[in-house]
$ cat target.tsv   # TSV, C-alpha atoms
chain	number	residue	atom	x	y	z
A	13	MET	CA	-131.65	9.25	112.31
A	14	GLU	CA	-133.04	12.71	113.11
A	15	ILE	CA	-130.42	15.44	113.00
A	16	LEU	CA	-131.09	18.77	114.66
A	17	PHE	CA	-129.13	21.98	114.19
A	18	ARG	CA	-128.96	24.74	116.78
A	19	THR	CA	-126.70	27.33	118.37
A	20	ALA	CA	-124.20	25.82	120.82
A	21	GLU	CA	-124.93	26.18	124.54
A	22	SER	CA	-122.43	26.14	127.40
A	23	GLY	CA	-123.26	22.50	128.19
A	24	ASP	CA	-121.93	21.58	124.72
A	25	LEU	CA	-118.46	23.01	125.24
A	26	GLU	CA	-116.66	19.85	126.37
A	27	ALA	CA	-118.13	17.87	123.46
A	28	LEU	CA	-117.00	20.61	121.06
A	29	ILE	CA	-113.43	20.52	122.38
A	30	HIS	CA	-113.40	16.73	121.93
A	31	LEU	CA	-114.60	17.10	118.34
A	32	LEU	CA	-111.83	19.63	117.63
A	33	ALA	CA	-109.19	17.39	119.21
A	34	ASP	CA	-110.30	14.19	117.47
A	35	ASP	CA	-108.60	15.13	114.23
A	36	PRO	CA	-105.06	14.63	112.84
A	37	LEU	CA	-104.27	18.36	113.06
A	38	GLY	CA	-106.47	19.16	116.07
A	39	THR	CA	-104.89	16.50	118.27
A	40	GLN	CA	-101.60	18.42	118.10
A	41	ARG	CA	-103.03	21.73	119.19
A	42	GLU	CA	-106.10	21.29	121.40
A	43	ASP	CA	-106.36	20.52	125.13
A	44	ILE	CA	-108.92	17.94	126.27
A	45	SER	CA	-107.97	18.08	129.95
A	46	HIS	CA	-110.71	18.22	132.54
A	47	PRO	CA	-111.79	20.62	134.00
A	48	ILE	CA	-111.97	22.55	130.72
A	49	ASN	CA	-109.05	24.86	129.94
A	50	GLN	CA	-110.26	28.34	130.87
A	51	ARG	CA	-109.19	29.73	127.48
A	52	TYR	CA	-111.96	27.71	125.81
A	53	VAL	CA	-114.48	29.04	128.33
A	54	GLU	CA	-113.44	32.64	127.66
A	55	SER	CA	-113.55	32.27	123.87
A	56	PHE	CA	-116.89	30.49	124.02
A	57	LYS	CA	-118.29	33.41	126.02
A	58	ALA	CA	-116.90	35.93	123.51
A	59	ILE	CA	-118.46	34.02	120.60
A	60	ARG	CA	-121.83	33.79	122.34
A	61	GLN	CA	-121.86	37.51	123.17
A	62	ASP	CA	-121.01	38.63	119.63
A	63	PRO	CA	-124.06	38.93	117.35
A	64	ASN	CA	-121.74	38.45	114.35
A	65	ASN	CA	-120.46	35.09	115.55
A	66	GLN	CA	-122.42	31.87	115.82
A	67	LEU	CA	-121.32	28.38	116.87
A	68	ILE	CA	-123.65	25.83	115.30
A	69	VAL	CA	-123.95	22.23	116.45
A	70	ALA	CA	-125.56	19.21	114.84
A	71	THR	CA	-127.09	16.75	117.30
A	72	VAL	CA	-128.52	13.24	117.16
A	73	GLU	CA	-130.58	12.31	120.24
A	74	ASN	CA	-129.05	15.26	122.10
A	75	ARG	CA	-125.51	14.10	121.33
A	76	VAL	CA	-123.29	16.68	119.61
A	77	ILE	CA	-121.97	15.02	116.44
A	78	GLY	CA	-120.98	18.03	114.32
A	79	MET	CA	-120.02	21.67	114.59
A	80	LEU	CA	-118.93	24.78	112.75
A	81	GLN	CA	-118.50	28.45	113.49
A	82	ILE	CA	-119.72	31.26	111.29
A	83	THR	CA	-118.71	34.90	111.40
A	84	PHE	CA	-120.66	37.61	109.61
A	85	ILE	CA	-118.33	40.36	108.40
A	86	PRO	CA	-119.33	43.72	106.86
A	87	TYR	CA	-116.88	44.82	104.16
A	88	LEU	CA	-116.59	47.84	101.87
A	89	THR	CA	-115.36	45.63	98.99
A	90	HIS	CA	-117.83	44.37	96.36
A	91	ILE	CA	-119.96	47.52	96.97
A	92	GLY	CA	-120.33	47.01	100.70
A	93	THR	CA	-120.97	43.28	100.76
A	94	TRP	CA	-121.37	41.27	103.96
A	95	ARG	CA	-119.62	37.90	103.94
A	96	CYS	CA	-120.08	34.79	105.99
A	97	GLN	CA	-116.90	33.07	107.05
A	98	VAL	CA	-116.89	29.42	108.10
A	99	GLU	CA	-114.34	27.86	110.48
A	100	GLY	CA	-113.86	24.78	112.62
A	101	VAL	CA	-116.05	22.37	110.64
A	102	ARG	CA	-116.00	18.96	112.33
A	103	ILE	CA	-118.10	15.81	112.11
A	104	HIS	CA	-117.77	13.03	114.71
A	105	LYS	CA	-115.87	10.10	113.20
A	106	GLU	CA	-118.80	7.70	113.70
A	107	TYR	CA	-120.99	9.96	111.58
A	108	ARG	CA	-118.70	10.75	108.64
A	109	GLY	CA	-119.57	9.84	105.05
A	110	LYS	CA	-123.32	10.27	105.62
A	111	GLY	CA	-123.75	13.73	104.07
A	112	LEU	CA	-123.76	15.52	107.44
A	113	GLY	CA	-121.00	17.93	106.41
A	114	LYS	CA	-123.08	19.10	103.47
A	115	MET	CA	-126.15	19.50	105.70
A	116	LEU	CA	-124.13	21.57	108.16
A	117	LEU	CA	-122.79	23.81	105.36
A	118	ASP	CA	-126.29	24.15	103.92
A	119	TYR	CA	-127.56	25.24	107.33
A	120	ALA	CA	-124.74	27.79	107.61
A	121	THR	CA	-125.53	29.06	104.11
A	122	GLN	CA	-129.15	29.64	105.08
A	123	GLU	CA	-128.07	31.58	108.17
A	124	ALA	CA	-125.73	33.63	105.96
A	125	LYS	CA	-128.51	34.45	103.50
A	126	THR	CA	-130.82	35.46	106.34
A	127	LYS	CA	-128.12	37.86	107.54
A	128	GLY	CA	-127.82	39.32	104.00
A	129	CYS	CA	-124.41	37.86	103.13
A	130	LYS	CA	-123.62	37.48	99.43
A	131	ILE	CA	-120.37	35.53	99.77
A	132	ILE	CA	-119.55	32.52	101.92
A	133	GLN	CA	-115.87	31.81	102.44
A	134	LEU	CA	-113.46	29.63	104.35
A	135	THR	CA	-109.88	28.47	104.30
A	136	SER	CA	-108.92	24.82	104.41
A	137	ASP	CA	-105.50	23.45	105.31
A	138	LYS	CA	-103.64	22.12	102.25
A	139	GLN	CA	-102.84	19.04	104.39
A	140	ARG	CA	-106.55	18.06	104.27
A	141	PRO	CA	-107.07	16.65	100.75
A	142	ASP	CA	-110.49	15.21	101.60
A	143	ALA	CA	-111.71	18.56	102.91
A	144	LEU	CA	-110.42	20.37	99.80
A	145	LYS	CA	-112.36	17.94	97.62
A	146	PHE	CA	-115.45	18.27	99.84
A	147	TYR	CA	-115.60	22.08	99.49
A	148	THR	CA	-114.90	21.93	95.75
A	149	ASN	CA	-117.81	19.50	95.37
A	150	LEU	CA	-120.04	21.95	97.25
A	151	GLY	CA	-119.31	24.63	94.65
A	152	PHE	CA	-116.59	26.56	96.47
A	153	LYS	CA	-113.76	27.87	94.27
A	154	ALA	CA	-110.18	27.92	95.60
A	155	THR	CA	-109.48	31.30	94.00
A	156	HIS	CA	-107.33	32.57	96.88
A	157	GLU	CA	-104.24	31.61	98.82
A	158	GLY	CA	-104.94	31.38	102.55
A	159	PHE	CA	-102.06	33.03	104.43
A	160	LYS	CA	-101.49	32.67	108.19
A	161	LYS	CA	-98.83	34.02	110.52
A	162	SER	CA	-98.31	33.55	114.25
A	163	ILE	CA	-97.80	36.83	116.08
B	11	MET	CA	-93.05	62.32	104.05
B	12	GLU	CA	-94.91	61.88	107.34
B	13	ILE	CA	-97.40	59.02	107.28
B	14	LEU	CA	-100.12	58.82	109.90
B	15	PHE	CA	-102.33	55.83	110.67
B	16	ARG	CA	-105.77	56.11	112.19
B	17	THR	CA	-109.29	54.66	112.15
B	18	ALA	CA	-111.30	55.73	109.11
B	19	GLU	CA	-113.91	58.46	109.57
B	20	SER	CA	-117.03	59.06	107.49
B	21	GLY	CA	-115.30	61.86	105.57
B	22	ASP	CA	-112.82	59.27	104.25
B	23	LEU	CA	-115.42	57.03	102.64
B	24	GLU	CA	-115.28	58.41	99.10
B	25	ALA	CA	-111.46	58.22	99.08
B	26	LEU	CA	-111.65	54.62	100.30
B	27	ILE	CA	-114.05	53.63	97.50
B	28	HIS	CA	-111.70	55.20	94.96
B	29	LEU	CA	-108.77	53.25	96.39
B	30	LEU	CA	-110.76	50.00	96.13
B	31	ALA	CA	-111.82	50.76	92.57
B	32	ASP	CA	-108.36	51.79	91.34
B	33	ASP	CA	-107.17	48.22	90.99
B	34	PRO	CA	-107.36	45.62	88.19
B	35	LEU	CA	-109.87	43.46	90.10
B	36	GLY	CA	-111.59	46.28	92.00
B	37	THR	CA	-112.43	48.24	88.87
B	38	GLN	CA	-114.70	45.39	87.77
B	39	ARG	CA	-116.69	45.24	90.97
B	40	GLU	CA	-116.79	48.63	92.74
B	41	ASP	CA	-119.02	51.66	92.10
B	42	ILE	CA	-117.40	55.10	92.14
B	43	SER	CA	-120.57	57.01	91.24
B	44	HIS	CA	-121.39	60.19	93.13
B	45	PRO	CA	-123.32	60.53	95.43
B	46	ILE	CA	-121.88	57.45	97.12
B	47	ASN	CA	-123.76	54.18	96.61
B	48	GLN	CA	-125.80	53.72	99.80
B	49	ARG	CA	-124.53	50.17	100.21
B	50	TYR	CA	-121.06	51.53	101.00
B	51	VAL	CA	-122.56	53.92	103.54
B	52	GLU	CA	-124.44	51.10	105.27
B	53	SER	CA	-121.43	48.79	105.41
B	54	PHE	CA	-119.19	51.60	106.64
B	55	LYS	CA	-121.65	52.23	109.47
B	56	ALA	CA	-121.74	48.52	110.36
B	57	ILE	CA	-117.94	48.36	110.46
B	58	ARG	CA	-117.70	51.48	112.63
B	59	GLN	CA	-120.28	50.17	115.10
B	60	ASP	CA	-118.65	46.76	115.52
B	61	PRO	CA	-115.88	46.71	118.15
B	62	ASN	CA	-114.39	43.67	116.37
B	63	ASN	CA	-113.99	45.49	113.06
B	64	GLN	CA	-111.64	48.35	112.31
B	65	LEU	CA	-110.97	50.21	109.06
B	66	ILE	CA	-107.49	51.70	109.16
B	67	VAL	CA	-106.27	54.44	106.85
B	68	ALA	CA	-102.79	55.75	106.13
B	69	THR	CA	-102.62	59.47	105.38
B	70	VAL	CA	-100.04	61.92	104.07
B	71	GLU	CA	-100.95	65.58	104.68
B	72	ASN	CA	-104.54	64.54	105.41
B	73	ARG	CA	-104.83	62.69	102.10
B	74	VAL	CA	-105.86	59.01	102.36
B	75	ILE	CA	-103.18	57.00	100.54
B	76	GLY	CA	-103.67	53.53	102.02
B	77	MET	CA	-106.23	51.35	103.76
B	78	LEU	CA	-107.01	47.96	105.21
B	79	GLN	CA	-109.71	46.38	107.32
B	80	ILE	CA	-109.09	44.14	110.29
B	81	THR	CA	-111.58	41.84	111.99
B	82	PHE	CA	-110.91	40.32	115.41
B	83	ILE	CA	-112.48	36.85	115.66
B	84	PRO	CA	-112.75	34.67	118.78
B	85	TYR	CA	-112.38	30.96	117.96
B	86	LEU	CA	-112.44	27.75	119.96
B	87	THR	CA	-109.66	26.24	117.81
B	88	HIS	CA	-106.02	26.44	119.01
B	89	ILE	CA	-107.28	26.42	122.63
B	90	GLY	CA	-109.59	29.39	122.24
B	91	THR	CA	-107.35	31.66	120.19
B	92	TRP	CA	-108.46	35.04	118.86
B	93	ARG	CA	-107.35	35.78	115.31
B	94	CYS	CA	-106.99	38.98	113.37
B	95	GLN	CA	-108.14	38.84	109.79
B	96	VAL	CA	-106.96	41.38	107.23
B	97	GLU	CA	-108.91	42.39	104.12
B	98	GLY	CA	-109.02	45.14	101.50
B	99	VAL	CA	-105.37	46.19	101.65
B	100	ARG	CA	-104.79	49.02	99.16
B	101	ILE	CA	-102.05	51.59	98.58
B	102	HIS	CA	-102.61	54.56	96.26
B	103	LYS	CA	-100.69	53.99	93.00
B	104	GLU	CA	-98.57	57.11	93.48
B	105	TYR	CA	-97.31	55.72	96.78
B	106	ARG	CA	-96.53	52.11	95.90
B	107	GLY	CA	-93.06	50.59	96.22
B	108	LYS	CA	-92.14	52.80	99.20
B	109	GLY	CA	-92.69	50.26	101.97
B	110	LEU	CA	-96.12	51.62	102.92
B	111	GLY	CA	-97.82	48.23	102.62
B	112	LYS	CA	-95.43	46.78	105.17
B	113	MET	CA	-96.00	49.74	107.50
B	114	LEU	CA	-99.76	49.27	107.22
B	115	LEU	CA	-99.48	45.54	107.99
B	116	ASP	CA	-97.13	46.28	110.90
B	117	TYR	CA	-99.70	48.72	112.29
B	118	ALA	CA	-102.45	46.10	111.92
B	119	THR	CA	-100.24	43.52	113.65
B	120	GLN	CA	-99.76	45.86	116.62
B	121	GLU	CA	-103.52	46.38	116.88
B	122	ALA	CA	-103.99	42.60	116.74
B	123	LYS	CA	-101.47	42.01	119.52
B	124	THR	CA	-103.13	44.66	121.68
B	125	LYS	CA	-106.42	42.81	121.21
B	126	GLY	CA	-104.73	39.52	122.27
B	127	CYS	CA	-104.74	37.83	118.85
B	128	LYS	CA	-102.14	35.10	118.33
B	129	ILE	CA	-102.70	34.56	114.60
B	130	ILE	CA	-102.98	37.09	111.78
B	131	GLN	CA	-104.52	35.80	108.57
B	132	LEU	CA	-105.75	36.90	105.17
B	133	THR	CA	-106.56	35.51	101.77
B	134	SER	CA	-105.08	36.90	98.59
B	135	ASP	CA	-106.42	36.33	95.09
B	136	LYS	CA	-104.21	33.94	93.08
B	137	GLN	CA	-104.47	36.50	90.25
B	138	ARG	CA	-102.32	38.92	92.29
B	139	PRO	CA	-98.75	37.51	92.02
B	140	ASP	CA	-97.17	40.68	93.48
B	141	ALA	CA	-99.45	40.53	96.53
B	142	LEU	CA	-98.68	36.83	97.07
B	143	LYS	CA	-94.96	37.62	97.04
B	144	PHE	CA	-95.48	40.62	99.32
B	145	TYR	CA	-97.22	38.55	102.03
B	146	THR	CA	-94.68	35.72	101.73
B	147	ASN	CA	-91.88	38.25	102.25
B	148	LEU	CA	-93.66	39.50	105.39
B	149	GLY	CA	-93.50	35.99	106.87
B	150	PHE	CA	-97.01	34.79	106.03
B	151	LYS	CA	-97.30	31.12	105.04
B	152	ALA	CA	-99.77	30.06	102.34
B	153	THR	CA	-100.71	26.91	104.25
B	154	HIS	CA	-104.40	27.05	103.28
B	155	GLU	CA	-106.60	27.18	100.22
B	156	GLY	CA	-108.91	30.19	100.26
B	157	PHE	CA	-112.37	29.09	99.11
B	158	LYS	CA	-115.17	31.51	98.13
B	159	LYS	CA	-118.70	30.96	96.91
B	160	SER	CA	-121.40	33.43	95.91
B	161	ILE	CA	-124.72	32.75	97.61

$ encode --input "target.tsv" --output "structure tokens"
Amino acid sequence: MEILFRTAESGDLEALIHLLADDPLGTQREDISHPINQRYVESFKAIRQDPNNQLIVATVENRVIGMLQITFIPYLTHIGTWRCQVEGVRIHKEYRGKGLGKMLLDYATQEAKTKGCKIIQLTSDKQRPDALKFYTNLGFKATHEGFKKSI
Amino acid sequence: MEILFRTAESGDLEALIHLLADDPLGTQREDISHPINQRYVESFKAIRQDPNNQLIVATVENRVIGMLQITFIPYLTHIGTWRCQVEGVRIHKEYRGKGLGKMLLDYATQEAKTKGCKIIQLTSDKQRPDALKFYTNLGFKATHEGFKKSI
């Protein structure tokens, strides 16, 4: 099984929405209607146009089977350290348990290093015990509380 | 006491570094040497040049007494929702306990709404019990674990 990683293209968008929706939390909050909800199209365009945002897909035989988004953020803290933030990590259910998540995170980490980031960070919902264990096993430390608020 | 909020300018940088360093965690990891460490100068420039990043300062009689950074991030998740991420919230020790932190967060929330963000988020170190209480009182929910890893 050859897995390729690359930046997402517009032809991937519907597959990405399906990956986000095929998830216990995602199914409650995503919209898989066709044609694609215009809000996805607009956000996809904004991500593509921003040099500090990158949507990465993993493919097998041109089929999108994994995704994540990274954001490079310049901060003053830690003597002006850039960080790489990871969000929306998903692996297609047929491909879980094969180490693909780790490969995707490793790819993101390489991109982060190339950009000069010294910290990689993410938040993971406390309702996802498997994900919490996954990130801990990858060497992430849950040193922070992740606060969210709808506005 | 009239408090003004505005985007940080280059003349504020040294005051901002001192705010970041005057803190139990910050004192271990910031550099207040003069002239300013060039890494701060570079990051400050990157923040200023990025339309999705904004350093906000609170001033009293032209003195910087508070700060935070916001980052606007376009995501596919939640049907293509933009989020506003807050980092580096600091209030000068002489001005704490006067409601300035809330005013600063309210200002950031307004900026986020203007940008079209539907979620405001941040992570707070578990070693900062007062900060955790502060964000909870402002209506933030600690639904996520905040993972970090040095790379």

$ residues_around --input "target.tsv" --residues "Gln66 in chain A" --least-positions-apart "3" --cutoff "8 Å" --atoms "all atoms listed in the file" --output "VMD selection string"
chain A and resid 19 59 to 60 62 to 63 81 to 83

$ closest_atom_pairs --input "target.tsv" --of "chain B" --to "chain A" --cutoff "6 Å" --atoms "all atoms listed in the file" --output "JSON lines"
{"residue": "B:Arg39", "atom": "CA", "partner": "A:His90", "partner_atom": "CA", "distance": 5.6}
{"residue": "B:Glu40", "atom": "CA", "partner": "A:Ile91", "partner_atom": "CA", "distance": 5.4}
{"residue": "B:Arg49", "atom": "CA", "partner": "A:Gly92", "partner_atom": "CA", "distance": 5.3}
{"residue": "B:Tyr50", "atom": "CA", "partner": "A:Gly92", "partner_atom": "CA", "distance": 4.6}
{"residue": "B:Ser53", "atom": "CA", "partner": "A:Gly92", "partner_atom": "CA", "distance": 5.2}
{"residue": "B:Pro84", "atom": "CA", "partner": "A:Ser55", "partner_atom": "CA", "distance": 5.7}
{"residue": "B:Leu86", "atom": "CA", "partner": "A:Tyr52", "partner_atom": "CA", "distance": 5.9}
{"residue": "B:His88", "atom": "CA", "partner": "A:Arg41", "partner_atom": "CA", "distance": 5.6}
{"residue": "B:Ile89", "atom": "CA", "partner": "A:Glu42", "partner_atom": "CA", "distance": 5.4}
{"residue": "B:Gly90", "atom": "CA", "partner": "A:Tyr52", "partner_atom": "CA", "distance": 4.6}
{"residue": "B:Lys128", "atom": "CA", "partner": "A:Ile163", "partner_atom": "CA", "distance": 5.2}
{"residue": "B:Ile129", "atom": "CA", "partner": "A:Ser162", "partner_atom": "CA", "distance": 4.5}
{"residue": "B:Ile130", "atom": "CA", "partner": "A:Lys161", "partner_atom": "CA", "distance": 5.3}
{"residue": "B:Gln131", "atom": "CA", "partner": "A:Lys160", "partner_atom": "CA", "distance": 4.4}
{"residue": "B:Leu132", "atom": "CA", "partner": "A:Phe159", "partner_atom": "CA", "distance": 5.4}
{"residue": "B:Thr133", "atom": "CA", "partner": "A:Gly158", "partner_atom": "CA", "distance": 4.5}
{"residue": "B:Ser134", "atom": "CA", "partner": "A:His156", "partner_atom": "CA", "distance": 5.2}
{"residue": "B:Asp135", "atom": "CA", "partner": "A:His156", "partner_atom": "CA", "distance": 4.3}
{"residue": "B:Lys136", "atom": "CA", "partner": "A:His156", "partner_atom": "CA", "distance": 5.1}
{"residue": "B:Phe150", "atom": "CA", "partner": "A:Lys161", "partner_atom": "CA", "distance": 4.9}
{"residue": "B:Lys151", "atom": "CA", "partner": "A:Phe159", "partner_atom": "CA", "distance": 5.2}
{"residue": "B:Ala152", "atom": "CA", "partner": "A:Phe159", "partner_atom": "CA", "distance": 4.3}
{"residue": "B:Thr153", "atom": "CA", "partner": "A:Lys138", "partner_atom": "CA", "distance": 6.0}
{"residue": "B:His154", "atom": "CA", "partner": "A:Asp137", "partner_atom": "CA", "distance": 4.3}
{"residue": "B:Glu155", "atom": "CA", "partner": "A:Gly158", "partner_atom": "CA", "distance": 5.1}
{"residue": "B:Gly156", "atom": "CA", "partner": "A:His156", "partner_atom": "CA", "distance": 4.4}
{"residue": "B:Phe157", "atom": "CA", "partner": "A:Ala154", "partner_atom": "CA", "distance": 4.3}
{"residue": "B:Lys158", "atom": "CA", "partner": "A:Gln133", "partner_atom": "CA", "distance": 4.4}
{"residue": "B:Lys159", "atom": "CA", "partner": "A:Phe152", "partner_atom": "CA", "distance": 4.9}
{"residue": "B:Ser160", "atom": "CA", "partner": "A:Ile131", "partner_atom": "CA", "distance": 4.5}
{"residue": "B:Ile161", "atom": "CA", "partner": "A:Lys130", "partner_atom": "CA", "distance": 5.2}

$ write_last_selection --input "target.tsv" --atoms "C-alpha atoms" --output "tab-separated table (two decimals), in the coordinates of the input"
chain	number	residue	atom	x	y	z
B	39	ARG	CA	-116.69	45.24	90.97
B	40	GLU	CA	-116.79	48.63	92.74
B	49	ARG	CA	-124.53	50.17	100.21
B	50	TYR	CA	-121.06	51.53	101.00
B	53	SER	CA	-121.43	48.79	105.41
B	84	PRO	CA	-112.75	34.67	118.78
B	86	LEU	CA	-112.44	27.75	119.96
B	88	HIS	CA	-106.02	26.44	119.01
B	89	ILE	CA	-107.28	26.42	122.63
B	90	GLY	CA	-109.59	29.39	122.24
B	128	LYS	CA	-102.14	35.10	118.33
B	129	ILE	CA	-102.70	34.56	114.60
B	130	ILE	CA	-102.98	37.09	111.78
B	131	GLN	CA	-104.52	35.80	108.57
B	132	LEU	CA	-105.75	36.90	105.17
B	133	THR	CA	-106.56	35.51	101.77
B	134	SER	CA	-105.08	36.90	98.59
B	135	ASP	CA	-106.42	36.33	95.09
B	136	LYS	CA	-104.21	33.94	93.08
B	150	PHE	CA	-97.01	34.79	106.03
B	151	LYS	CA	-97.30	31.12	105.04
B	152	ALA	CA	-99.77	30.06	102.34
B	153	THR	CA	-100.71	26.91	104.25
B	154	HIS	CA	-104.40	27.05	103.28
B	155	GLU	CA	-106.60	27.18	100.22
B	156	GLY	CA	-108.91	30.19	100.26
B	157	PHE	CA	-112.37	29.09	99.11
B	158	LYS	CA	-115.17	31.51	98.13
B	159	LYS	CA	-118.70	30.96	96.91
B	160	SER	CA	-121.40	33.43	95.91
B	161	ILE	CA	-124.72	32.75	97.61

$ atom_distance --input "target.tsv" --atom1 "CA of Arg108 in chain A" --atom2 "CA of Gly78 in chain A"
9.5 Å

$ atom_distance --input "target.tsv" --atom1 "CA of Leu78 in chain B" --atom2 "CA of Leu110 in chain B"
11.7 Å

$ atom_distance --input "target.tsv" --atom1 "CA of Arg18 in chain A" --atom2 "CA of Met79 in chain A"
9.7 Å

$ residues_around --input "target.tsv" --residues "His104 in chain A" --least-positions-apart "2" --cutoff "6 Å" --atoms "all atoms listed in the file" --output "list in words"
Ile77, Gly78, Glu106 and Tyr107 of chain A

$ write_last_selection --input "target.tsv" --atoms "C-alpha atoms" --output "tab-separated table (two decimals), in the frame of the given file"
chain	number	residue	atom	x	y	z
A	77	ILE	CA	-121.97	15.02	116.44
A	78	GLY	CA	-120.98	18.03	114.32
A	106	GLU	CA	-118.80	7.70	113.70
A	107	TYR	CA	-120.99	9.96	111.58

$ residues_around --input "target.tsv" --residues "Glu71 in chain B" --least-positions-apart "5" --cutoff "10 Å" --atoms "only C-alpha atoms" --output "VMD selection string"
chain B and resid 11 to 14

$ residues_around --input "target.tsv" --residues "Met115 in chain A" --least-positions-apart "4" --cutoff "10 Å" --atoms "all atoms listed in the file" --output "ChimeraX atom specification"
/A:15,17,70,110-111,119-121

$ closest_residue --input "target.tsv" --among "B:Val74, B:Ile101, B:Ala141, B:Val96" --to "Glu24 in chain B" --atoms "all atoms listed in the file"
B:Val74

$ closest_residue --input "target.tsv" --among "B:Glu121, B:Leu29, B:Leu35, B:Val67" --to "Phe82 in chain B" --atoms "all atoms listed in the file"
B:Glu121
